Amino acid sequence: TQLLEQSPQFLSIQEGENLTVYCNSSSVFSSLQWYRQEPGEGPVLLVTVVTGGEVKKLKRLTFQFGDARKDSSLHITAAQPGDTGLYLCAGADRGSTLGRLYFGRGTQLTVWP
Amino acid sequence: GAGVSQTPSNKVTEKGKYVELRCDPISGHTALYWYRQSLGQGPEFLIYFQGTGAADDSGLPNDRFFAVRPEGSVSTLKIQRTERGDSAVYLCASSPLAGAMRGLYNEQFFGPGTRLTVL
């Protein structure tokens, strides 16, 4: 059973389109992270959100943490082929600054030129 | 390089054999994690070290799996009597304690993984 549910599982779009990926849970997390993973490599951290309602922007990527700290979303504006990859959300136990992360299954994004 | 390194990158073994997977964390990182990632899945937690000791080994699936970090740096994941279901990519990550103290929650830096195939 996945603690974090990501949707959609697969997303195939044309360059220039916008998209949103969702990460939902019934559990509360002390922080939530988004990673991007390419084939044959480990996940690379994109952002960490900590405060309920927090919004962080990283160039064309906008990350939001739900008010109750149970869910998050990733919005990409004007997607580019270089955005192609597996996007993973991961939550940390409440009150923990170290320790295990709970990962979602990921959203495989393909951006066509 | 300055990143997390893992060896070997690929390991093919036969059912019933013993394997060891090695992880070299980023220098100075006190926390080290092992995860397992099956095809089409996100990483699944196995074990977490703080220094030399295992702070949380609740993710190890059974007693065939064991991990050590004797000097608080390099770690080895050991799998006895391998089974076909053990086939996966084994990922290692490390975190700086200093980062956690600055409120940089659980920032984990991952290695490229070891792809284990059990025939």
# chains A, B, ... in the order shown; residues from 1 in each chain; ligands from 1
$ residues_around --residues "A:Gln80" --least-positions-apart "2" --cutoff "8 Å" --atoms "only C-alpha atoms" --output "MDAnalysis selection string"
chainID A and resid 15:16 78 82:84 111:113
$ write_last_selection --atoms "C-alpha atoms" --output "PDB file, in the first residue's frame"
ATOM      1  CA  GLU A  15       6.386  21.119 -25.793  1.00  0.00           C
ATOM      2  CA  GLY A  16       4.891  24.383 -24.562  1.00  0.00           C
ATOM      3  CA  ALA A  78       5.553  25.749 -20.865  1.00  0.00           C
ATOM      4  CA  GLY A  82      14.351  18.550 -20.993  1.00  0.00           C
ATOM      5  CA  ASP A  83      11.593  18.239 -18.360  1.00  0.00           C
ATOM      6  CA  THR A  84      11.086  14.601 -19.352  1.00  0.00           C
ATOM      7  CA  VAL A 111       7.487  16.076 -23.327  1.00  0.00           C
ATOM      8  CA  TRP A 112       7.590  15.823 -27.120  1.00  0.00           C
ATOM      9  CA  PRO A 113       9.281  18.479 -29.250  1.00  0.00           C
TER      10      PRO A 113
END
$ residues_around --residues "stretch 7-24 of chain B" --least-positions-apart "2" --cutoff "7 Å" --atoms "only C-alpha atoms" --output "PyMOL selection string"
chain B and resi 4-5+26+73-84+92+113-119
$ residues_around --residues "A:Val44" --least-positions-apart "6" --cutoff "7 Å" --atoms "only C-alpha atoms" --output "mmCIF file with all heavy atoms, in the first residue's frame"
data_model
loop_
_atom_site.group_PDB
_atom_site.id
_atom_site.type_symbol
_atom_site.label_atom_id
_atom_site.label_comp_id
_atom_site.auth_asym_id
_atom_site.auth_seq_id
_atom_site.Cartn_x
_atom_site.Cartn_y
_atom_site.Cartn_z
ATOM 1 N N TYR A 35 11.301 14.997 -6.164
ATOM 2 C CA TYR A 35 12.516 14.557 -6.819
ATOM 3 C C TYR A 35 12.221 14.315 -8.292
ATOM 4 O O TYR A 35 11.080 14.008 -8.682
ATOM 5 C CB TYR A 35 13.020 13.245 -6.216
ATOM 6 C CG TYR A 35 13.604 13.345 -4.823
ATOM 7 C CD1 TYR A 35 12.780 13.359 -3.703
ATOM 8 C CD2 TYR A 35 14.980 13.403 -4.624
ATOM 9 C CE1 TYR A 35 13.314 13.437 -2.426
ATOM 10 C CE2 TYR A 35 15.525 13.465 -3.348
ATOM 11 C CZ TYR A 35 14.686 13.489 -2.260
ATOM 12 O OH TYR A 35 15.211 13.560 -0.998
ATOM 13 N N ARG A 36 13.281 14.403 -9.092
ATOM 14 C CA ARG A 36 13.189 14.011 -10.503
ATOM 15 C C ARG A 36 14.239 12.941 -10.758
ATOM 16 O O ARG A 36 15.394 13.074 -10.325
ATOM 17 C CB ARG A 36 13.428 15.212 -11.415
ATOM 18 C CG ARG A 36 13.359 14.896 -12.889
ATOM 19 C CD ARG A 36 13.251 16.163 -13.704
ATOM 20 N NE ARG A 36 13.692 15.909 -15.064
ATOM 21 C CZ ARG A 36 14.799 16.379 -15.603
ATOM 22 N NH1 ARG A 36 15.577 17.169 -14.892
ATOM 23 N NH2 ARG A 36 15.123 16.082 -16.838
ATOM 24 N N GLN A 37 13.831 11.889 -11.446
ATOM 25 C CA GLN A 37 14.740 10.767 -11.699
ATOM 26 C C GLN A 37 14.778 10.473 -13.189
ATOM 27 O O GLN A 37 13.731 10.375 -13.844
ATOM 28 C CB GLN A 37 14.283 9.529 -10.918
ATOM 29 C CG GLN A 37 15.227 8.354 -11.014
ATOM 30 C CD GLN A 37 14.763 7.177 -10.161
ATOM 31 O OE1 GLN A 37 13.583 7.029 -9.868
ATOM 32 N NE2 GLN A 37 15.706 6.319 -9.771
ATOM 33 N N PHE B 109 20.622 12.897 -0.669
ATOM 34 C CA PHE B 109 21.356 12.926 -1.930
ATOM 35 C C PHE B 109 21.597 11.478 -2.355
ATOM 36 O O PHE B 109 22.271 10.733 -1.638
ATOM 37 C CB PHE B 109 22.667 13.691 -1.759
ATOM 38 C CG PHE B 109 22.465 15.122 -1.361
ATOM 39 C CD1 PHE B 109 22.289 15.465 -0.024
ATOM 40 C CD2 PHE B 109 22.431 16.130 -2.311
ATOM 41 C CE1 PHE B 109 22.088 16.790 0.345
ATOM 42 C CE2 PHE B 109 22.234 17.450 -1.938
ATOM 43 C CZ PHE B 109 22.061 17.775 -0.619
ATOM 44 N N PHE B 110 21.075 11.129 -3.510
ATOM 45 C CA PHE B 110 21.079 9.744 -3.937
ATOM 46 C C PHE B 110 22.250 9.418 -4.865
ATOM 47 O O PHE B 110 22.688 10.243 -5.662
ATOM 48 C CB PHE B 110 19.781 9.407 -4.680
ATOM 49 C CG PHE B 110 18.614 9.205 -3.763
ATOM 50 C CD1 PHE B 110 17.901 10.289 -3.280
ATOM 51 C CD2 PHE B 110 18.221 7.935 -3.386
ATOM 52 C CE1 PHE B 110 16.822 10.113 -2.427
ATOM 53 C CE2 PHE B 110 17.148 7.740 -2.543
ATOM 54 C CZ PHE B 110 16.440 8.828 -2.056
#
$ closest_atom_pairs --of "chain A" --to "chain B" --cutoff "12 Å" --atoms "only C-alpha atoms" --output "CSV"
residue,atom,partner,partner_atom,distance
A:Thr1,CA,B:Glu44,CA,11.2
A:Gln2,CA,B:Gly42,CA,9.2
A:Leu3,CA,B:Glu44,CA,10.9
A:Leu4,CA,B:Gly42,CA,9.9
A:Glu5,CA,B:Gly42,CA,10.5
A:Gln6,CA,B:Gly42,CA,10.2
A:Gln9,CA,B:Gly40,CA,9.4
A:Phe10,CA,B:Gly40,CA,10.6
A:Phe29,CA,B:Tyr105,CA,11.1
A:Ser30,CA,B:Tyr105,CA,8.3
A:Ser31,CA,B:Tyr105,CA,6.7
A:Leu32,CA,B:Tyr105,CA,8.8
A:Gln33,CA,B:Glu107,CA,8.3
A:Trp34,CA,B:Glu107,CA,10.5
A:Tyr35,CA,B:Gln108,CA,10.0
A:Arg36,CA,B:Phe110,CA,11.1
A:Gln37,CA,B:Pro112,CA,9.8
A:Glu38,CA,B:Pro112,CA,9.8
A:Pro39,CA,B:Pro112,CA,9.5
A:Gly40,CA,B:Pro112,CA,6.6
A:Glu41,CA,B:Pro112,CA,4.3
A:Gly42,CA,B:Pro112,CA,4.4
A:Pro43,CA,B:Phe110,CA,6.1
A:Val44,CA,B:Phe110,CA,6.8
A:Leu45,CA,B:Phe109,CA,7.3
A:Leu46,CA,B:Glu107,CA,10.0
A:Val47,CA,B:Glu107,CA,9.1
A:Thr48,CA,B:Tyr105,CA,7.4
A:Val49,CA,B:Tyr105,CA,8.8
A:Val50,CA,B:Tyr105,CA,7.9
A:Thr51,CA,B:Tyr105,CA,11.4
A:Leu86,CA,B:Gly42,CA,9.4
A:Tyr87,CA,B:Gly42,CA,9.5
A:Leu88,CA,B:Gly42,CA,7.0
A:Cys89,CA,B:Gly42,CA,8.8
A:Ala90,CA,B:Gly42,CA,9.0
A:Gly91,CA,B:Asn106,CA,9.2
A:Ala92,CA,B:Asn106,CA,7.0
A:Asp93,CA,B:Asn106,CA,9.7
A:Arg94,CA,B:Tyr105,CA,10.9
A:Gly95,CA,B:Tyr105,CA,9.9
A:Ser96,CA,B:Tyr105,CA,7.7
A:Thr97,CA,B:Tyr105,CA,4.7
A:Leu98,CA,B:Asn106,CA,4.9
A:Gly99,CA,B:Tyr48,CA,6.6
A:Arg100,CA,B:Phe45,CA,6.4
A:Leu101,CA,B:Phe45,CA,7.0
A:Tyr102,CA,B:Glu44,CA,7.2
A:Phe103,CA,B:Gly42,CA,5.6
A:Gly104,CA,B:Gly42,CA,5.5
A:Arg105,CA,B:Gly42,CA,4.2
A:Gly106,CA,B:Gly42,CA,6.0
A:Thr107,CA,B:Gly42,CA,9.6
A:Gln108,CA,B:Gly40,CA,9.2
$ residues_around --residues "A:Glu17" --least-positions-apart "3" --cutoff "8 Å" --atoms "only C-alpha atoms" --output "NGL selection string"
:A and (13-14 or 77-79)
$ closest_residue --among "A:Ala68, A:Cys23, A:Leu11, A:Leu109" --to "A:Pro81" --atoms "only C-alpha atoms"
A:Leu109
$ atom_distance --atom1 "atom CA of B:Leu60" --atom2 "atom CA of B:Pro25"
19.8 Å
$ atom_distance --atom1 "atom CA of B:His29" --atom2 "atom CA of B:Gly51"
8.7 Å
$ residues_around --residues "A:Val55" --least-positions-apart "2" --cutoff "10 Å" --atoms "only C-alpha atoms" --output "PyMOL selection string"
chain A and resi 49-53+57+62-66+72-74
